[in-house]
Amino acid sequence: MRVALDDFGTGYSSLSALAGLPVEVLKIDRSFMAQVGQPSPEGMRAAELVRAVVALARAFGLDTVAEGVETQVQARALSELGCTFLQGYHFGRPGPLPQPAVHGAHAPVA
C-alpha cells in the first residue's frame with residue numbers, strides 16, 4: 001500500500017503537508033489540467049505549474065498522478081511534462097469495484 005497526497009496544490013494539500021507526512025505519491029489537482037496543452041498564455045502557465053510540481057515530487061523521490069485528464073492533448077502534454085501516471089475520463093469512467101471473493105466459502109451442495 002502507498003500513501004498519496006490528493007488534490008495537491010489546493011486546500012490542505014500544501015507544501016507543509018508534503019513536508020510533514022509520509023507521502024509516496026502526489027496527485028496533482030484536476031483544477032490545473034483544463035488549460036494544459038493549450039496554445040495560450042493560460043496553457044503555458046498551467047504547463048509550467050505542472051512541470052514545477054513534477055520537479056518537486058522528483059526531488060522528494062515521489063511519483064505523480066495528474067487528475068482530471070479528459071483529452072488526448074492533455075494526456076500527451078502531461079506525459080511530456082513528466083507525470084508518472086494520468087487519471088481521468090480520457091481513460092475511462094469510474095465504475096464499481098469487483099466484489100472480493102470470500103476465502104474459505106464453499107458453493108452450496110444440491
# chains A, B, ... in the order shown; residues from 1 in each chain; ligands from 1
call {"tool": "residues_around", "arguments": {"residues": "Arg45 of chain A", "least_positions_apart": "4", "cutoff": "12 Å", "atoms": "only C-alpha atoms", "output": "list in words"}}
result
Phe32, Met33, Ala34, Gln35, Val36, Gly37, Gln38, Pro39, Ser40, Pro41, Leu49, Val50, Arg51 and Ala52 of chain A
call {"tool": "write_last_selection", "arguments": {"atoms": "N, CA and C atoms", "output": "mmCIF file, in the first residue's frame"}}
result
data_model
loop_
_atom_site.group_PDB
_atom_site.id
_atom_site.type_symbol
_atom_site.label_atom_id
_atom_site.label_comp_id
_atom_site.auth_asym_id
_atom_site.auth_seq_id
_atom_site.Cartn_x
_atom_site.Cartn_y
_atom_site.Cartn_z
ATOM 1 N N PHE A 32 -5.792 22.174 -12.290
ATOM 2 C CA PHE A 32 -4.644 22.638 -13.064
ATOM 3 C C PHE A 32 -4.602 22.038 -14.467
ATOM 4 N N MET A 33 -5.468 21.075 -14.754
ATOM 5 C CA MET A 33 -5.374 20.321 -16.008
ATOM 6 C C MET A 33 -6.117 20.948 -17.187
ATOM 7 N N ALA A 34 -7.159 21.708 -16.946
ATOM 8 C CA ALA A 34 -8.035 22.182 -18.026
ATOM 9 C C ALA A 34 -7.275 22.913 -19.129
ATOM 10 N N GLN A 35 -6.297 23.712 -18.778
ATOM 11 C CA GLN A 35 -5.578 24.514 -19.763
ATOM 12 C C GLN A 35 -4.294 23.871 -20.280
ATOM 13 N N VAL A 36 -3.861 22.784 -19.646
ATOM 14 C CA VAL A 36 -2.612 22.129 -20.058
ATOM 15 C C VAL A 36 -2.724 21.674 -21.513
ATOM 16 N N GLY A 37 -1.709 21.987 -22.296
ATOM 17 C CA GLY A 37 -1.664 21.593 -23.693
ATOM 18 C C GLY A 37 -2.293 22.594 -24.648
ATOM 19 N N GLN A 38 -2.869 23.654 -24.113
ATOM 20 C CA GLN A 38 -3.486 24.676 -24.957
ATOM 21 C C GLN A 38 -2.440 25.712 -25.375
ATOM 22 N N PRO A 39 -2.482 26.170 -26.630
ATOM 23 C CA PRO A 39 -1.517 27.168 -27.113
ATOM 24 C C PRO A 39 -1.957 28.577 -26.716
ATOM 25 N N SER A 40 -1.958 28.840 -25.425
ATOM 26 C CA SER A 40 -2.389 30.138 -24.900
ATOM 27 C C SER A 40 -1.528 30.485 -23.697
ATOM 28 N N PRO A 41 -1.546 31.741 -23.263
ATOM 29 C CA PRO A 41 -0.792 32.095 -22.054
ATOM 30 C C PRO A 41 -1.225 31.264 -20.839
ATOM 31 N N LEU A 49 3.364 25.208 -14.202
ATOM 32 C CA LEU A 49 2.982 24.842 -12.840
ATOM 33 C C LEU A 49 3.100 23.325 -12.655
ATOM 34 N N VAL A 50 2.583 22.552 -13.613
ATOM 35 C CA VAL A 50 2.690 21.094 -13.535
ATOM 36 C C VAL A 50 4.152 20.673 -13.575
ATOM 37 N N ARG A 51 4.942 21.294 -14.450
ATOM 38 C CA ARG A 51 6.378 20.980 -14.526
ATOM 39 C C ARG A 51 7.063 21.218 -13.170
ATOM 40 N N ALA A 52 6.701 22.284 -12.493
ATOM 41 C CA ALA A 52 7.287 22.601 -11.185
ATOM 42 C C ALA A 52 6.879 21.572 -10.125
#
call {"tool": "residues_around", "arguments": {"residues": "segment 24-28 of chain A", "least_positions_apart": "4", "cutoff": "10 Å", "atoms": "only C-alpha atoms", "output": "tab-separated table (two decimals) with N, CA, C and O atoms, in the first residue's frame"}}
result
chain	number	residue	atom	x	y	z
A	1	MET	N	0.85	-1.16	0.00
A	1	MET	CA	0.00	0.00	0.00
A	1	MET	C	0.90	1.24	0.00
A	1	MET	O	1.92	1.27	0.67
A	2	ARG	N	0.49	2.26	-0.78
A	2	ARG	CA	1.25	3.50	-0.86
A	2	ARG	C	0.37	4.65	-0.40
A	2	ARG	O	-0.84	4.63	-0.59
A	3	VAL	N	0.99	5.67	0.17
A	3	VAL	CA	0.26	6.83	0.66
A	3	VAL	C	0.37	7.95	-0.37
A	3	VAL	O	1.46	8.31	-0.82
A	4	ALA	N	-0.80	8.51	-0.75
A	4	ALA	CA	-0.84	9.58	-1.74
A	4	ALA	C	-1.40	10.84	-1.09
A	4	ALA	O	-2.30	10.78	-0.26
A	5	LEU	N	-0.87	11.98	-1.50
A	5	LEU	CA	-1.40	13.28	-1.09
A	5	LEU	C	-2.30	13.75	-2.22
A	5	LEU	O	-1.82	14.08	-3.31
A	6	ASP	N	-3.61	13.73	-1.98
A	6	ASP	CA	-4.61	14.01	-3.01
A	6	ASP	C	-4.82	15.50	-3.17
A	6	ASP	O	-4.64	16.27	-2.22
A	7	ASP	N	-5.23	15.91	-4.37
A	7	ASP	CA	-5.58	17.31	-4.69
A	7	ASP	C	-4.43	18.27	-4.38
A	7	ASP	O	-4.65	19.39	-3.92
A	8	PHE	N	-3.20	17.83	-4.68
A	8	PHE	CA	-2.05	18.67	-4.36
A	8	PHE	C	-2.14	20.01	-5.08
A	8	PHE	O	-2.47	20.09	-6.25
A	9	GLY	N	-1.86	21.06	-4.32
A	9	GLY	CA	-1.91	22.42	-4.86
A	9	GLY	C	-3.14	23.18	-4.43
A	9	GLY	O	-3.27	24.37	-4.70
A	10	THR	N	-4.07	22.52	-3.74
A	10	THR	CA	-5.29	23.18	-3.27
A	10	THR	C	-5.53	22.85	-1.80
A	10	THR	O	-5.06	21.84	-1.30
A	13	SER	N	-3.77	20.33	0.97
A	13	SER	CA	-2.69	19.59	0.30
A	13	SER	C	-1.63	20.57	-0.15
A	13	SER	O	-1.54	20.94	-1.31
A	18	LEU	N	3.21	18.13	2.56
A	18	LEU	CA	4.24	17.34	1.89
A	18	LEU	C	5.44	17.13	2.81
A	18	LEU	O	5.99	16.04	2.90
A	32	PHE	N	-5.79	22.17	-12.29
A	32	PHE	CA	-4.64	22.64	-13.06
A	32	PHE	C	-4.60	22.04	-14.47
A	32	PHE	O	-3.79	22.44	-15.29
A	33	MET	N	-5.47	21.08	-14.75
A	33	MET	CA	-5.37	20.32	-16.01
A	33	MET	C	-6.12	20.95	-17.19
A	33	MET	O	-5.75	20.72	-18.34
A	50	VAL	N	2.58	22.55	-13.61
A	50	VAL	CA	2.69	21.09	-13.54
A	50	VAL	C	4.15	20.67	-13.58
A	50	VAL	O	4.58	19.81	-12.80
A	53	VAL	N	5.62	21.16	-10.14
A	53	VAL	CA	5.16	20.16	-9.17
A	53	VAL	C	5.85	18.83	-9.43
A	53	VAL	O	6.28	18.14	-8.49
A	54	VAL	N	5.99	18.45	-10.69
A	54	VAL	CA	6.69	17.20	-11.03
A	54	VAL	C	8.15	17.27	-10.56
A	54	VAL	O	8.67	16.31	-9.98
A	56	LEU	N	9.34	19.06	-8.09
A	56	LEU	CA	9.30	18.99	-6.62
A	56	LEU	C	9.11	17.54	-6.18
A	56	LEU	O	9.82	17.05	-5.29
A	57	ALA	N	8.17	16.84	-6.81
A	57	ALA	CA	7.93	15.44	-6.47
A	57	ALA	C	9.19	14.60	-6.70
A	57	ALA	O	9.55	13.78	-5.85
A	60	PHE	N	11.75	14.83	-4.03
A	60	PHE	CA	11.40	14.06	-2.84
A	60	PHE	C	11.32	12.56	-3.13
A	60	PHE	O	10.97	11.77	-2.26
A	61	GLY	N	11.57	12.14	-4.37
A	61	GLY	CA	11.50	10.74	-4.74
A	61	GLY	C	10.08	10.21	-4.85
A	61	GLY	O	9.83	9.03	-4.60
A	62	LEU	N	9.14	11.08	-5.23
A	62	LEU	CA	7.73	10.71	-5.29
A	62	LEU	C	7.25	10.54	-6.73
A	62	LEU	O	7.75	11.20	-7.64
A	63	ASP	N	6.26	9.69	-6.90
A	63	ASP	CA	5.55	9.60	-8.17
A	63	ASP	C	4.48	10.68	-8.22
A	63	ASP	O	4.08	11.22	-7.18
A	64	THR	N	3.99	10.98	-9.43
A	64	THR	CA	2.92	11.96	-9.59
A	64	THR	C	1.76	11.34	-10.36
A	64	THR	O	1.96	10.49	-11.23
A	65	VAL	N	0.56	11.80	-10.03
A	65	VAL	CA	-0.66	11.43	-10.75
A	65	VAL	C	-1.33	12.73	-11.16
A	65	VAL	O	-1.63	13.57	-10.32
A	66	ALA	N	-1.56	12.90	-12.46
A	66	ALA	CA	-2.30	14.06	-12.95
A	66	ALA	C	-3.78	13.66	-12.98
A	66	ALA	O	-4.17	12.75	-13.70
A	67	GLU	N	-4.58	14.32	-12.15
A	67	GLU	CA	-6.01	14.03	-12.07
A	67	GLU	C	-6.78	14.83	-13.13
A	67	GLU	O	-6.37	15.92	-13.50
A	68	GLY	N	-7.89	14.29	-13.55
A	68	GLY	CA	-8.79	15.05	-14.42
A	68	GLY	C	-8.37	15.17	-15.87
A	68	GLY	O	-8.71	16.14	-16.54
A	83	CYS	N	4.71	13.59	-15.85
A	83	CYS	CA	3.81	12.97	-14.88
A	83	CYS	C	3.95	11.45	-14.96
A	83	CYS	O	3.99	10.89	-16.05
A	84	THR	N	4.04	10.82	-13.79
A	84	THR	CA	4.23	9.37	-13.74
A	84	THR	C	2.98	8.63	-14.21
A	84	THR	O	3.07	7.67	-14.97
A	85	PHE	N	1.82	9.09	-13.72
A	85	PHE	CA	0.55	8.45	-14.04
A	85	PHE	C	-0.47	9.51	-14.42
A	85	PHE	O	-0.40	10.65	-13.95
A	86	LEU	N	-1.44	9.12	-15.26
A	86	LEU	CA	-2.52	10.01	-15.68
A	86	LEU	C	-3.84	9.34	-15.31
A	86	LEU	O	-3.99	8.13	-15.45
A	87	GLN	N	-4.79	10.17	-14.87
A	87	GLN	CA	-6.08	9.65	-14.43
A	87	GLN	C	-7.18	10.57	-14.93
A	87	GLN	O	-7.05	11.79	-14.84
call {"tool": "closest_residue", "arguments": {"among": "A:Leu21, A:Ser79, A:Val73, A:Arg93", "to": "Gly43 of chain A", "atoms": "only C-alpha atoms"}}
result
A:Val73
call {"tool": "atom_distance", "arguments": {"atom1": "atom CA of Gly95 of chain A", "atom2": "atom CA of Leu81 of chain A"}}
result
28.2 Å
call {"tool": "select_by_dssp", "arguments": {"residues": "segment 11-107 of chain A", "states": "strand (DSSP E)", "output": "tab-separated table (two decimals) with N, CA and C atoms, in the first residue's frame"}}
result
chain	number	residue	atom	x	y	z
A	25	VAL	N	3.21	9.48	-3.12
A	25	VAL	CA	2.64	9.88	-4.40
A	25	VAL	C	1.97	11.24	-4.25
A	26	LEU	N	2.20	12.14	-5.21
A	26	LEU	CA	1.47	13.41	-5.26
A	26	LEU	C	0.43	13.33	-6.36
A	27	LYS	N	-0.82	13.58	-6.01
A	27	LYS	CA	-1.90	13.62	-7.01
A	27	LYS	C	-2.18	15.09	-7.29
A	28	ILE	N	-1.81	15.53	-8.48
A	28	ILE	CA	-1.95	16.95	-8.86
A	28	ILE	C	-3.42	17.23	-9.16
A	63	ASP	N	6.26	9.69	-6.90
A	63	ASP	CA	5.55	9.60	-8.17
A	63	ASP	C	4.48	10.68	-8.22
A	64	THR	N	3.99	10.98	-9.43
A	64	THR	CA	2.92	11.96	-9.59
A	64	THR	C	1.76	11.34	-10.36
A	65	VAL	N	0.56	11.80	-10.03
A	65	VAL	CA	-0.66	11.43	-10.75
A	65	VAL	C	-1.33	12.73	-11.16
A	66	ALA	N	-1.56	12.90	-12.46
A	66	ALA	CA	-2.30	14.06	-12.95
A	66	ALA	C	-3.78	13.66	-12.98
A	85	PHE	N	1.82	9.09	-13.72
A	85	PHE	CA	0.55	8.45	-14.04
A	85	PHE	C	-0.47	9.51	-14.42
A	86	LEU	N	-1.44	9.12	-15.26
A	86	LEU	CA	-2.52	10.01	-15.68
A	86	LEU	C	-3.84	9.34	-15.31
call {"tool": "atom_distance", "arguments": {"atom1": "atom CA of Gly88 of chain A", "atom2": "atom CA of Ser31 of chain A"}}
result
12.3 Å
call {"tool": "select_by_dssp", "arguments": {"residues": "chain A", "states": "helix (DSSP H, G or I)", "output": "VMD selection string"}}
result
chain A and resid 15 to 20 30 to 32 41 to 59 72 to 80
call {"tool": "write_last_selection", "arguments": {"atoms": "N, CA and C atoms", "output": "short mmCIF file (atom, residue, chain, number, x, y, z; two decimals), in the first residue's frame"}}
result
data_model
loop_
_atom_site.label_atom_id
_atom_site.label_comp_id
_atom_site.auth_asym_id
_atom_site.auth_seq_id
_atom_site.Cartn_x
_atom_site.Cartn_y
_atom_site.Cartn_z
N LEU A 15 2.49 22.49 0.65
CA LEU A 15 3.90 22.16 0.91
C LEU A 15 4.12 21.72 2.34
N SER A 16 3.39 22.30 3.29
CA SER A 16 3.57 21.88 4.68
C SER A 16 3.10 20.45 4.88
N ALA A 17 2.04 20.03 4.19
CA ALA A 17 1.59 18.64 4.27
C ALA A 17 2.63 17.72 3.66
N LEU A 18 3.21 18.13 2.56
CA LEU A 18 4.24 17.34 1.89
C LEU A 18 5.44 17.13 2.81
N ALA A 19 5.83 18.18 3.51
CA ALA A 19 7.00 18.10 4.38
C ALA A 19 6.73 17.27 5.64
N GLY A 20 5.47 17.24 6.08
CA GLY A 20 5.19 16.60 7.37
C GLY A 20 4.54 15.23 7.32
N ARG A 30 -7.04 18.34 -10.36
CA ARG A 30 -7.62 18.48 -11.69
C ARG A 30 -7.81 19.94 -12.10
N SER A 31 -7.89 20.85 -11.15
CA SER A 31 -8.10 22.26 -11.49
C SER A 31 -6.96 22.83 -12.31
N PHE A 32 -5.79 22.17 -12.29
CA PHE A 32 -4.64 22.64 -13.06
C PHE A 32 -4.60 22.04 -14.47
N PRO A 41 -1.55 31.74 -23.26
CA PRO A 41 -0.79 32.10 -22.05
C PRO A 41 -1.23 31.26 -20.84
N GLU A 42 -2.53 30.99 -20.74
CA GLU A 42 -3.02 30.18 -19.62
C GLU A 42 -2.49 28.76 -19.71
N GLY A 43 -2.46 28.23 -20.93
CA GLY A 43 -1.93 26.88 -21.14
C GLY A 43 -0.46 26.79 -20.79
N MET A 44 0.29 27.81 -21.16
CA MET A 44 1.73 27.83 -20.83
C MET A 44 1.94 27.90 -19.32
N ARG A 45 1.15 28.74 -18.63
CA ARG A 45 1.27 28.85 -17.17
C ARG A 45 0.90 27.52 -16.50
N ALA A 46 -0.17 26.90 -16.97
CA ALA A 46 -0.58 25.61 -16.40
C ALA A 46 0.51 24.56 -16.60
N ALA A 47 1.11 24.53 -17.77
CA ALA A 47 2.18 23.57 -18.04
C ALA A 47 3.38 23.83 -17.13
N GLU A 48 3.75 25.06 -16.94
CA GLU A 48 4.89 25.37 -16.08
C GLU A 48 4.60 25.02 -14.62
N LEU A 49 3.36 25.21 -14.20
CA LEU A 49 2.98 24.84 -12.84
C LEU A 49 3.10 23.33 -12.65
N VAL A 50 2.58 22.55 -13.61
CA VAL A 50 2.69 21.09 -13.54
C VAL A 50 4.15 20.67 -13.58
N ARG A 51 4.94 21.29 -14.45
CA ARG A 51 6.38 20.98 -14.53
C ARG A 51 7.06 21.22 -13.17
N ALA A 52 6.70 22.28 -12.49
CA ALA A 52 7.29 22.60 -11.19
C ALA A 52 6.88 21.57 -10.12
N VAL A 53 5.62 21.16 -10.14
CA VAL A 53 5.16 20.16 -9.17
C VAL A 53 5.85 18.83 -9.43
N VAL A 54 5.99 18.45 -10.69
CA VAL A 54 6.69 17.20 -11.03
C VAL A 54 8.15 17.27 -10.56
N ALA A 55 8.81 18.40 -10.76
CA ALA A 55 10.19 18.56 -10.30
C ALA A 55 10.28 18.45 -8.78
N LEU A 56 9.34 19.06 -8.09
CA LEU A 56 9.30 18.99 -6.62
C LEU A 56 9.11 17.54 -6.18
N ALA A 57 8.17 16.84 -6.81
CA ALA A 57 7.93 15.44 -6.47
C ALA A 57 9.19 14.60 -6.70
N ARG A 58 9.85 14.81 -7.82
CA ARG A 58 11.08 14.06 -8.10
C ARG A 58 12.16 14.34 -7.06
N ALA A 59 12.25 15.58 -6.61
CA ALA A 59 13.25 15.94 -5.60
C ALA A 59 13.01 15.17 -4.30
N GLN A 72 -6.86 13.82 -25.34
CA GLN A 72 -5.58 13.31 -25.82
C GLN A 72 -4.52 14.40 -25.75
N VAL A 73 -4.89 15.64 -26.03
CA VAL A 73 -3.95 16.77 -25.97
C VAL A 73 -3.40 16.90 -24.55
N GLN A 74 -4.28 16.84 -23.55
CA GLN A 74 -3.82 16.92 -22.16
C GLN A 74 -2.92 15.74 -21.82
N ALA A 75 -3.34 14.54 -22.23
CA ALA A 75 -2.56 13.34 -21.91
C ALA A 75 -1.15 13.43 -22.48
N ARG A 76 -1.04 13.85 -23.73
CA ARG A 76 0.26 13.96 -24.37
C ARG A 76 1.12 15.02 -23.65
N ALA A 77 0.54 16.18 -23.38
CA ALA A 77 1.29 17.25 -22.72
C ALA A 77 1.75 16.83 -21.33
N LEU A 78 0.88 16.18 -20.57
CA LEU A 78 1.24 15.77 -19.21
C LEU A 78 2.30 14.68 -19.21
N SER A 79 2.25 13.79 -20.18
CA SER A 79 3.31 12.78 -20.30
C SER A 79 4.64 13.45 -20.61
N GLU A 80 4.61 14.41 -21.53
CA GLU A 80 5.84 15.14 -21.87
C GLU A 80 6.37 15.96 -20.70
#
